[in-house]
Amino acid sequence: MGPQATKPRQSTKLGLGGEQVEGRQAVRELLLANRREVREIWMASDLDPAPVLDDIRELAAEARVLLKLVGRGKLDAAARTGAPQGVLGFARPIPEVSLDELIHTKPGLPAPFLILSDGITDPGNLGALLRSAECAGVTGIVLPQHRAVHITPAVTKAAAGSVEHIPMTTVGGLPTAIRDLRAEGVWVIGLDERAEKPIWDLDLGARAVALVLGAEGPGISRLVRERCDELVSIPMRGRLSSLNVGTAGALACFEVARGR
């Protein structure tokens, strides 16, 4: 271990991403989940003692993952977020599952509860959404291959480790994916601030559900809106007319969880 560390090469292939993990909680969950190969961990040599750092050291040792102490300048130069908290992880990309696998859960498990991202490009919003989704019991995430953020270091940090636990897939186009979901009996709900029906009035039962969330500003696209089974909104009582997608998604996820 020492300050001579060289940042591992990353894959240039398209996919979910997630090769570089930044932040203490995110790196801890990366090791704890043991879902993908971890190449090495970097830890700044000037960190004050903390229980989460002890956890990372112990988990790295148990998994036989190389842990390197590096200078703060070298670590910050390799980081791709503004506050990596003195810890970086380098791993294989997040494993991707198929849409069919997200639809057909194993017998005895609850019906699928999926989140579809329609053009969300802000890493902080997607990361916050993934964190809330995991806490609310979401069983899968569907991301478009194009014109949407995937699992960047900023996403993994904001998600606080949730990316290690939620199955995810990418699709060529959401309208086609929604068609396939509906054909399999999944009820597709679009969150649209213009919808007259409030989300509180949904009658969900135990059915399979897919919740579609759009980007701030444009919201969900016209084609996606037309393919949804139902459109709902979050009633607003204040002077502001909208919420960011991370906050709106958190409210919607827990409302769906409550209804199920």
# chains A, B, ... in the order shown; residues from 1 in each chain; ligands from 1
>>> closest_atom_pairs(of="segment 55-112 of chain A", to="segment 200-224 of chain A", cutoff="8 Å", atoms="only C-alpha atoms", output="Markdown table")
| residue | atom | partner | partner_atom | distance |
| --- | --- | --- | --- | --- |
| A:Pro110 | CA | A:Ala206 | CA | 7.7 |
| A:Ala111 | CA | A:Ala208 | CA | 4.8 |
| A:Pro112 | CA | A:Ala208 | CA | 4.8 |
>>> write_last_selection(atoms="all heavy atoms", output="tab-separated table (two decimals), in the first residue's frame")
chain	number	residue	atom	x	y	z
A	110	PRO	N	-43.15	-11.10	-3.98
A	110	PRO	CA	-44.18	-10.13	-4.38
A	110	PRO	C	-44.15	-9.85	-5.88
A	110	PRO	O	-43.12	-10.06	-6.53
A	110	PRO	CB	-43.80	-8.88	-3.57
A	110	PRO	CG	-42.96	-9.38	-2.45
A	110	PRO	CD	-42.23	-10.57	-2.97
A	111	ALA	N	-45.27	-9.38	-6.41
A	111	ALA	CA	-45.32	-9.01	-7.82
A	111	ALA	C	-44.32	-7.89	-8.10
A	111	ALA	O	-43.98	-7.11	-7.21
A	111	ALA	CB	-46.73	-8.56	-8.17
A	112	PRO	N	-43.82	-7.80	-9.33
A	112	PRO	CA	-42.82	-6.77	-9.66
A	112	PRO	C	-43.29	-5.36	-9.35
A	112	PRO	O	-44.47	-5.02	-9.53
A	112	PRO	CB	-42.61	-6.96	-11.16
A	112	PRO	CG	-43.00	-8.37	-11.44
A	112	PRO	CD	-44.12	-8.67	-10.48
>>> closest_atom_pairs(of="segment 14-121 of chain A", to="segment 247-257 of chain A", cutoff="10 Å", atoms="only C-alpha atoms", output="JSON lines")
{"residue": "A:Phe113", "atom": "CA", "partner": "A:Val256", "partner_atom": "CA", "distance": 8.6}
{"residue": "A:Leu114", "atom": "CA", "partner": "A:Cys253", "partner_atom": "CA", "distance": 9.6}
{"residue": "A:Ile115", "atom": "CA", "partner": "A:Cys253", "partner_atom": "CA", "distance": 8.5}
>>> write_last_selection(atoms="N, CA, C and O atoms", output="PDB file, in the first residue's frame")
ATOM      1  N   PHE A 113     -42.373  -4.558  -8.894  1.00  0.00           N
ATOM      2  CA  PHE A 113     -42.579  -3.124  -8.692  1.00  0.00           C
ATOM      3  C   PHE A 113     -41.391  -2.450  -9.359  1.00  0.00           C
ATOM      4  O   PHE A 113     -40.281  -2.445  -8.822  1.00  0.00           O
ATOM      5  N   LEU A 114     -41.612  -1.914 -10.567  1.00  0.00           N
ATOM      6  CA  LEU A 114     -40.529  -1.393 -11.391  1.00  0.00           C
ATOM      7  C   LEU A 114     -40.582   0.132 -11.487  1.00  0.00           C
ATOM      8  O   LEU A 114     -41.642   0.733 -11.394  1.00  0.00           O
ATOM      9  N   ILE A 115     -39.411   0.726 -11.686  1.00  0.00           N
ATOM     10  CA  ILE A 115     -39.294   2.157 -11.974  1.00  0.00           C
ATOM     11  C   ILE A 115     -38.715   2.305 -13.377  1.00  0.00           C
ATOM     12  O   ILE A 115     -37.689   1.692 -13.700  1.00  0.00           O
TER      13      ILE A 115
END
>>> select_by_dssp(residues="segment 76-214 of chain A", states="strand (DSSP E or B)", output="JSON, numbers by chain")
{"A": [87, 88, 89, 90, 91, 113, 114, 115, 116, 117, 118, 140, 141, 142, 143, 144, 151, 168, 169, 170, 171, 187, 188, 189, 190, 191, 198, 209, 210, 211, 212, 213, 214]}
>>> closest_atom_pairs(of="segment 93-185 of chain A", to="segment 63-87 of chain A", cutoff="10 Å", atoms="only C-alpha atoms", output="JSON lines")
{"residue": "A:Thr152", "atom": "CA", "partner": "A:Arg80", "partner_atom": "CA", "distance": 8.7}
{"residue": "A:Pro153", "atom": "CA", "partner": "A:Arg80", "partner_atom": "CA", "distance": 6.3}
{"residue": "A:Ala154", "atom": "CA", "partner": "A:Thr81", "partner_atom": "CA", "distance": 5.7}
{"residue": "A:Val155", "atom": "CA", "partner": "A:Thr81", "partner_atom": "CA", "distance": 9.5}
{"residue": "A:Lys157", "atom": "CA", "partner": "A:Pro84", "partner_atom": "CA", "distance": 7.9}
>>> write_last_selection(atoms="all heavy atoms", output="PDB file, in the first residue's frame")
ATOM      1  N   THR A 152     -23.218   6.597 -13.146  1.00  0.00           N
ATOM      2  CA  THR A 152     -21.957   7.326 -13.065  1.00  0.00           C
ATOM      3  C   THR A 152     -21.482   7.381 -11.610  1.00  0.00           C
ATOM      4  O   THR A 152     -22.247   7.057 -10.691  1.00  0.00           O
ATOM      5  CB  THR A 152     -22.140   8.757 -13.589  1.00  0.00           C
ATOM      6  OG1 THR A 152     -23.029   9.448 -12.693  1.00  0.00           O
ATOM      7  CG2 THR A 152     -22.735   8.767 -14.998  1.00  0.00           C
ATOM      8  N   PRO A 153     -20.236   7.822 -11.374  1.00  0.00           N
ATOM      9  CA  PRO A 153     -19.792   7.988  -9.984  1.00  0.00           C
ATOM     10  C   PRO A 153     -20.697   8.913  -9.175  1.00  0.00           C
ATOM     11  O   PRO A 153     -20.931   8.666  -7.982  1.00  0.00           O
ATOM     12  CB  PRO A 153     -18.386   8.573 -10.145  1.00  0.00           C
ATOM     13  CG  PRO A 153     -17.896   8.005 -11.429  1.00  0.00           C
ATOM     14  CD  PRO A 153     -19.105   7.987 -12.326  1.00  0.00           C
ATOM     15  N   ALA A 154     -21.218   9.964  -9.800  1.00  0.00           N
ATOM     16  CA  ALA A 154     -22.124  10.869  -9.074  1.00  0.00           C
ATOM     17  C   ALA A 154     -23.420  10.162  -8.700  1.00  0.00           C
ATOM     18  O   ALA A 154     -23.980  10.399  -7.621  1.00  0.00           O
ATOM     19  CB  ALA A 154     -22.423  12.098  -9.935  1.00  0.00           C
ATOM     20  N   VAL A 155     -23.894   9.279  -9.570  1.00  0.00           N
ATOM     21  CA  VAL A 155     -25.103   8.514  -9.264  1.00  0.00           C
ATOM     22  C   VAL A 155     -24.852   7.554  -8.114  1.00  0.00           C
ATOM     23  O   VAL A 155     -25.649   7.458  -7.179  1.00  0.00           O
ATOM     24  CB  VAL A 155     -25.608   7.757 -10.506  1.00  0.00           C
ATOM     25  CG1 VAL A 155     -26.735   6.800 -10.133  1.00  0.00           C
ATOM     26  CG2 VAL A 155     -26.090   8.728 -11.569  1.00  0.00           C
ATOM     27  N   LYS A 157     -22.700   7.708  -5.747  1.00  0.00           N
ATOM     28  CA  LYS A 157     -22.531   8.409  -4.473  1.00  0.00           C
ATOM     29  C   LYS A 157     -23.867   8.870  -3.923  1.00  0.00           C
ATOM     30  O   LYS A 157     -24.170   8.677  -2.739  1.00  0.00           O
ATOM     31  CB  LYS A 157     -21.586   9.596  -4.634  1.00  0.00           C
ATOM     32  CG  LYS A 157     -21.266  10.291  -3.308  1.00  0.00           C
ATOM     33  CD  LYS A 157     -20.191  11.332  -3.479  1.00  0.00           C
ATOM     34  CE  LYS A 157     -19.813  11.908  -2.119  1.00  0.00           C
ATOM     35  NZ  LYS A 157     -20.941  12.614  -1.473  1.00  0.00           N
TER      36      LYS A 157
END
>>> residues_around(residues="segment 192-199 of chain A", least_positions_apart="6", cutoff="6 Å", atoms="only C-alpha atoms", output="list in words")
Leu231, Val232, Ser233 and Ile234 of chain A
